[in-house]
Structure formats: C-alpha cells, structure tokens
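Have a look at the structure below before the remarks.
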Amino acid sequence: MTVKECYELADADYNDVMNRLGSEALVKRFAVKFLQDRSYQELTEAMEAKDAELAFRAVHTLKGVCANLGFKRLQEVSSELTEKLRGREFEGSEPLYEAVKIQYDRVIGAITQLAEE
Amino acid sequence: MRDKILIVDDVELNRSILGAILENEYTIVEAENGKQALELIEELKDEISVILLDLIMPEMDGMQVLAELNKRKIIGMIPVLVISGENSYETEKECFDLGVSDYIAKPFNNVIIQKRVKNVAGLYEYKLQLEEKVEEQTAVLRKAYQTLKIQTEKLHRNNQKIVDILGTVVEFRNLESGEHINRVKKYTKILAEEAMKEYPEYGLTPEKIDTIVSASSLHDIGKITIPDHILLKPGKLTKDEFECMKSHTTRGCELLDQIDVEWDPELRQAIYEICRYHHERYDGKGYPDALVGEEIPLSAQLVSIADVYDALVNERCYKDAYSAEEAYRMITHGECGVFSPKLMEVFRKTRKQFEMLKKYNK
C-alpha cells in the first residue's frame with residue numbers, strides 16, 4: 001500500500017499534507033504515529049463522563065492534529081463537534097460525536113494497513 | 001554556540017512534526033507547557049537559537065510565557081516564533097506587542113516554517129554579533145577618550161608654563177625673581193573667588209577665574225621695552241621718565257599684537273585687558289586711557305589690587321617693604337590707587353588669606 005492509497009482510503013488530502021510536511025517519509029512517519037495519539041480516547045472518556053471541558057479540549061486537539069496531517073473529513077467532523085462543545089454544553093453533541101467516531105475508525109483502519117506493510 | 005531550538009507545545013505530535021524538519025540543522029529541545037519551557041530557557045539560554053511557542057497550553061500558556069520572557073530580557077536575545085491555532089487579530093497583535101519575531105497560524109507548513117526559522121535565526125546571530133562588537137568598540141573609544149583628556153590637560157598645563165616663563169623672563173630684569181608673578185596669580189585667585197561668591201553679578205565662573213589668573217602672568221610684559229636706567233632707577237622718576245614707564249601698558253599690548261599665535265580668544269582678551277588697564281584707577285585718574293569705574297575690565301581691576309599689594313609688602317629698587325598692616329591700611333584708604341568699593345569689600349574679607357600667603361611664600 002502506498003501512502004497516497006492510504007490517504008485515499010481515509011478520505012484524507014494527500015497533496016495537502018505533502019505540501020506541508022515536505023517529504024513522503026515524514027508523512028508516513030507521522031501518519032503511523034497518529035495511531036498512538038490519545039485525543040480521540042480522551043474525547044470518548046470525556047463524553048461518557050459528561051465532562052464538557054475535557055471533551056472540548058480533546059476534540060479541539062484532535063481537530064488540530066487532523067489539520068496537520070491532512071485528514072480532511074475527520075477534521076471537518078471534529079470541527080463541528082468542537083464548535084458544538086465550545087459553550088461547554090452537551091446539548092445536541094451526540095450525533096456529531098458519532099460522526100467523528102465513524103471517520104476516526106476509517107482513518108485508523110487505513111493507517112493500520114499502511115503500518116503493517 | 002547557539003545550536004538548539006526549543007519547541008513548546010502540549011501536543012506531542014505537533015512537537016514531533018516541527019522537530020522532524022528542523023532536526024537536521026539543530027538540536028531539538030521540547031517542553032509541553034509554559035512552566036517547563038521557562039525552566040529550559042533559564043538553563044539553556046545561551047545555547048538556544050530560536051523558540052517555537054504554542055499559545056494554548058495547560059499550566060502556563062504562551063502569553064504568560066511571553067510576558068515572563070520580556071521581564072527576563074530574553075526577548076531581544078532569542079527570537080520567538082508563535083505557532084498557534086488561535087487565529088484572531090487581537091491575539092496576533094498582542095503577540096507582536098510582546099516582541100515575537102513571527103506569528104504562524106496552524107495548520108502550519110513545515111517547509112515554510114523551516115525557512116522562517118532559518119531567516120530569523122540568522123538575523124539574530126548577526127544582531128548579537130553586532131551588539132558584541134559595538135560593546136568592544138565602545139570600550140576602546142572610552143579608553144581613547146581618557147587618553148585624550150589626559151593629553152589635553154597636559155597641553156593646557158604646558159601652555160600655561162610657557163606663559164609663566166615669558167612673564168618671569170621679563171620680570172627678571174627688575175625683580176630678579178619669578179616669585180612676584182606666582183604671588184600675583186595667587187592673590188588674584190583669592191580675590192576672584194571671593195568676588196564670585198559675594199557678587200554673583202560679576203558673572204565669574206571657575207573657568208573665567210582660571211583664565212584671568214593665567215593671563216595675569218603677562219601683566220607687565222611691556223616692561224621689556226623700558227630701558228634699564230628708568231626701570232632700575234633707585235630714586236623718584238622725572239616727569240619724562242614716568243611717562244616712559246607708564247607706556248609699558250600700551251607697549252605691552254603692541255607686543256601682544258606682534259605675537260602671531262592662535263590664542264584661546266578668552267585668554268587673549270584677558271591678557272590684553274590686564275596688560276593695558278592694570279594701572280587704571282576707579283576714579284578715572286589712572287593710565288593709559290583714564291577709564292572710569294566699571295569701564296575698567298574686572299580682570300584688570302583684580303590684578304591691579306594683587307599687583308599693588310605685592311609691590312607694597314616686598315622690597316623694590318626704589319623702596320623698602322611695608323608690613324602687611326601698613327599695606328592693608330594704605331590700599332583701603334586709597335593711598336595707592338583707587339579701587340571699586342565692591343572689590344575693597346572683597347579685599348577686606350580676604351585679608352587673612354593674603355597675609356597667610358605673604359607669610360609662607362617668600
């Protein structure tokens with residue numbers, strides 16, 4: 001699997017990240033590193049514990065990381081959830097969280113494949 | 001050697017990405033909040049070339065870090081580039097107000113950041129080198145200035161010596177000593193300093209007093225033109241002889257005009273005044289120009305008193321020495337020339353100093 005293919009699978013923007021990181025070696029390195037990123041886990045825990053503050057910060061961080069790595073779709077849904085949680089209220093955030101979950105799993109799936117090869 | 005870059009961001013991935021593109025040319029040091037950052041800066045402040053700073057962090061955020069860096073005068077020594085997801089005009093402006101070198105929005109372009117870092121690092125290296133050089137040069141200049149000052153003072157003293165030698169050479173004919181000149185200078189100084197205190201309207205300053213005292217050495221330079229038989233006559237002078245003697249004032253000025261040197265203008269003026277007018281009288285009955293009252297320049301008035309006093313209390317070829325009491329009486333009673341009431345007051349006040357000087361200055 002090439003990095004480009006991985007990005008297509010994850011519904012992410014390969015060209016964008018290549019521009020910004022400069023080399024494919026770096027893109028691969030950090031995409032794989034994303035597997036260890038804890039922002040999504042922290043978001044999930046916070047949603048369960050109904051901690052709006054933590055949830056906000058976690059999804060805000062997640063959004064930033066996605067922006068850096070070109071994970072466009074995941075960035076979009078993270079962004080929507082971030083704005084929803086900015087007021088630190090959970091009202092109406094559940095469906096948005098679900099969208100994030102879907103995209104996150106998709107990205108993880110693609111990268112795991114890349115990492116194995 | 002500034003070979004380190006400090007990257008401050010609470011998200012590990014961000015630090016890694018930034019580090020990845022800079023680690024070829026620099027050693028990367030990382031901090032995950034403001035507090036850690038400040039500790040590292042304190043420890044490595046002579047080794048850090050650039051600081052990359054995130055704004056939103058727990059424990060201590062970027063703004064607080066910037067405020068602290070300003071306090072510690074690190075801003076200006078190490079360039080700070082803020083890299084932030086915070087994209088508001090106010091924040092950006094505030095960062096620049098706090099002295100950052102650049103403000104970069106997230107998501108950032110690694111390639112461009114590398115170039116900006118290189119730019120600003122190079123700039124600061126140059127700036128610091130320049131500042132060091134200026135400091136060195138300033139030290140050199142300061143030393144040179146000191147040397148110059150010493151040389152100038154030496155020159156000044158030497159010039160004064162020359163003037164004194166001139167006066168002494170002339171006086172030697174009829175006095176066989178140069179001590180008269182020294183004493184006149186000292187008496188003049190005593191009078192002038194007291195006058196400066198008592199009568200500020202005279203406008204005397206220490207510099208002006210120095211000039212007058214210097215100039216007084218040449219008050220009788222015109223005597224070089226007076227023939228021996230008149231200058232050294234033990235008895236009273238005839239009318240014609242006296243007229244000749246009187247001319248030492250104007251002849252002295254002629255002599256001055258002949259001297260083709262670059263005088264200090266104040267000094268030249270004082271020498272001329274003293275030479276020409278030190279025999280004028282306050283009531284207008286003096287010579288050569290019969291000036292009245294304050295028409296007589298202050299410099300000449302001062303030297304006049306000093307000269308008369310020294311003549312009275314010392315032997316001359318035409319008379320014996322008077323005592324200090326007699327000299328004092330004669331001067332204050334107008335028996336040896338008429339002086340301004342103000343200066344008589346000054347003379348009265350400084351009587352003790354005059355007598356001390358006379359006693360210890362044979």
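Identifiers for the structure tokens are assigned positionally: chains receive A, B, ... in sequence, residues are indexed from 1 per chain, and ligands are indexed from 1 in the order shown.
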
Exercise for review: Compute the set of chain A residues within 6 Å of chain B, using only C-alpha atoms, and express it as number ranges by chain.
Suggested key: A: 20-22, 67-68

Exercise for review: List the neighbours of Arg316 of chain B out to 9 Å using only C-alpha atoms; skip same-chain residues closer than 6 positions along the sequence, and give me the result as an MDAnalysis selection string.
Suggested key: chainID B and resid 174:175 234

Serialized selection, C-alpha atoms, as a JSON list (two decimals), in the first residue's frame:
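Okay, this is what ended up in out.json:
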[["chain", "number", "residue", "atom", "x", "y", "z"],
["B", 174, "ASN", "CA", 63.88, 94.48, 37.53],
["B", 175, "LEU", "CA", 62.91, 91.98, 40.17],
["B", 234, "PRO", "CA", 66.58, 103.68, 42.68]]

Exercise for review: Name the residues of segment 1-114 of chain A that fall into helix (DSSP H, G or I) according to DSSP on the backbone, using the chain letters and numbers of this document, as number ranges by chain.
Suggested key: A: 3-9, 14-21, 24-36, 39-49, 52-69, 72-85, 94-114

**Study point:** For Arg72 of chain B, the nearest of the candidates B:Ala300, B:Glu241, B:Val213, B:Ile41, counting only C-alpha atoms
**Key:**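 Selected residue with least distance to Arg72 of chain B: B:Ile41.
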
Review point. If you count only C-alpha atoms, which residues fall within 9 Å of segment 38-49 of chain A, apart from same-chain ones fewer than 6 positions away, as JSON, numbers by chain?
Key: {"A": [55, 56, 57, 58, 59, 60, 61, 62, 65, 90, 94, 97, 100, 101, 104]}

Review point. For Lys358 of chain B, which residue out of B:Ala105, B:Ala324, B:Ile271, B:Met344 is the nearest one, using only C-alpha atoms?
Key: B:Ala324

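Secondary structure by DSSP on the backbone puts the following residues of segment 12-231 of chain B in strand (DSSP E or B): B:Thr27, B:Ile28, B:Val29, B:Glu30, B:Ala31, B:Ile48, B:Ser49, B:Val50, B:Ile51, B:Leu52, B:Leu53, B:Val80, B:Leu81, B:Val82, B:Ile83, B:Ser84, B:Asp102, B:Tyr103, B:Ile104, B:Ala105.
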
How would the residues just picked look written out with N, CA and C atoms as an mmCIF file, in the first residue's frame?
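Written file, again-v7.cif:
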data_model
loop_
_atom_site.group_PDB
_atom_site.id
_atom_site.type_symbol
_atom_site.label_atom_id
_atom_site.label_comp_id
_atom_site.auth_asym_id
_atom_site.auth_seq_id
_atom_site.Cartn_x
_atom_site.Cartn_y
_atom_site.Cartn_z
ATOM 1 N N THR B 27 19.764 20.987 17.300
ATOM 2 C CA THR B 27 19.397 20.028 18.342
ATOM 3 C C THR B 27 18.043 20.468 18.888
ATOM 4 N N ILE B 28 17.092 19.539 18.936
ATOM 5 C CA ILE B 28 15.739 19.903 19.359
ATOM 6 C C ILE B 28 15.555 19.682 20.852
ATOM 7 N N VAL B 29 14.998 20.690 21.498
ATOM 8 C CA VAL B 29 14.660 20.578 22.922
ATOM 9 C C VAL B 29 13.161 20.837 23.032
ATOM 10 N N GLU B 30 12.452 20.024 23.830
ATOM 11 C CA GLU B 30 10.992 20.143 23.866
ATOM 12 C C GLU B 30 10.455 20.463 25.250
ATOM 13 N N ALA B 31 9.344 21.197 25.267
ATOM 14 C CA ALA B 31 8.619 21.455 26.521
ATOM 15 C C ALA B 31 7.143 21.337 26.223
ATOM 16 N N ILE B 48 20.231 28.419 23.059
ATOM 17 C CA ILE B 48 19.036 28.353 22.222
ATOM 18 C C ILE B 48 19.099 29.400 21.138
ATOM 19 N N SER B 49 18.844 28.940 19.917
ATOM 20 C CA SER B 49 18.867 29.856 18.785
ATOM 21 C C SER B 49 17.494 30.455 18.535
ATOM 22 N N VAL B 50 16.440 29.595 18.599
ATOM 23 C CA VAL B 50 15.070 30.029 18.312
ATOM 24 C C VAL B 50 14.100 29.310 19.245
ATOM 25 N N ILE B 51 13.004 29.981 19.588
ATOM 26 C CA ILE B 51 11.946 29.329 20.368
ATOM 27 C C ILE B 51 10.680 29.286 19.522
ATOM 28 N N LEU B 52 10.100 28.073 19.381
ATOM 29 C CA LEU B 52 8.807 27.945 18.715
ATOM 30 C C LEU B 52 7.771 27.750 19.814
ATOM 31 N N LEU B 53 6.796 28.624 19.856
ATOM 32 C CA LEU B 53 5.898 28.659 21.007
ATOM 33 C C LEU B 53 4.440 28.536 20.618
ATOM 34 N N VAL B 80 11.463 34.604 19.133
ATOM 35 C CA VAL B 80 10.343 33.703 19.418
ATOM 36 C C VAL B 80 9.381 33.706 18.242
ATOM 37 N N LEU B 81 9.061 32.502 17.757
ATOM 38 C CA LEU B 81 8.042 32.378 16.722
ATOM 39 C C LEU B 81 6.831 31.714 17.352
ATOM 40 N N VAL B 82 5.710 32.401 17.310
ATOM 41 C CA VAL B 82 4.492 31.802 17.854
ATOM 42 C C VAL B 82 3.819 30.972 16.769
ATOM 43 N N ILE B 83 3.474 29.726 17.122
ATOM 44 C CA ILE B 83 2.771 28.873 16.166
ATOM 45 C C ILE B 83 1.471 28.479 16.832
ATOM 46 N N SER B 84 0.364 29.014 16.324
ATOM 47 C CA SER B 84 -0.855 28.851 17.096
ATOM 48 C C SER B 84 -2.087 28.573 16.258
ATOM 49 N N ASP B 102 7.723 36.416 14.845
ATOM 50 C CA ASP B 102 6.794 35.995 13.800
ATOM 51 C C ASP B 102 5.596 35.285 14.426
ATOM 52 N N TYR B 103 4.496 35.269 13.690
ATOM 53 C CA TYR B 103 3.277 34.621 14.171
ATOM 54 C C TYR B 103 2.780 33.719 13.050
ATOM 55 N N ILE B 104 2.761 32.429 13.328
ATOM 56 C CA ILE B 104 2.405 31.464 12.279
ATOM 57 C C ILE B 104 1.152 30.710 12.686
ATOM 58 N N ALA B 105 0.183 30.671 11.771
ATOM 59 C CA ALA B 105 -1.081 30.009 12.105
ATOM 60 C C ALA B 105 -1.006 28.516 11.830
#

Check your understanding: So how many Å separate atom CA of Gly167 of chain B and atom CA of Ser216 of chain B, to one decimal?
Key -> 8.9 Å
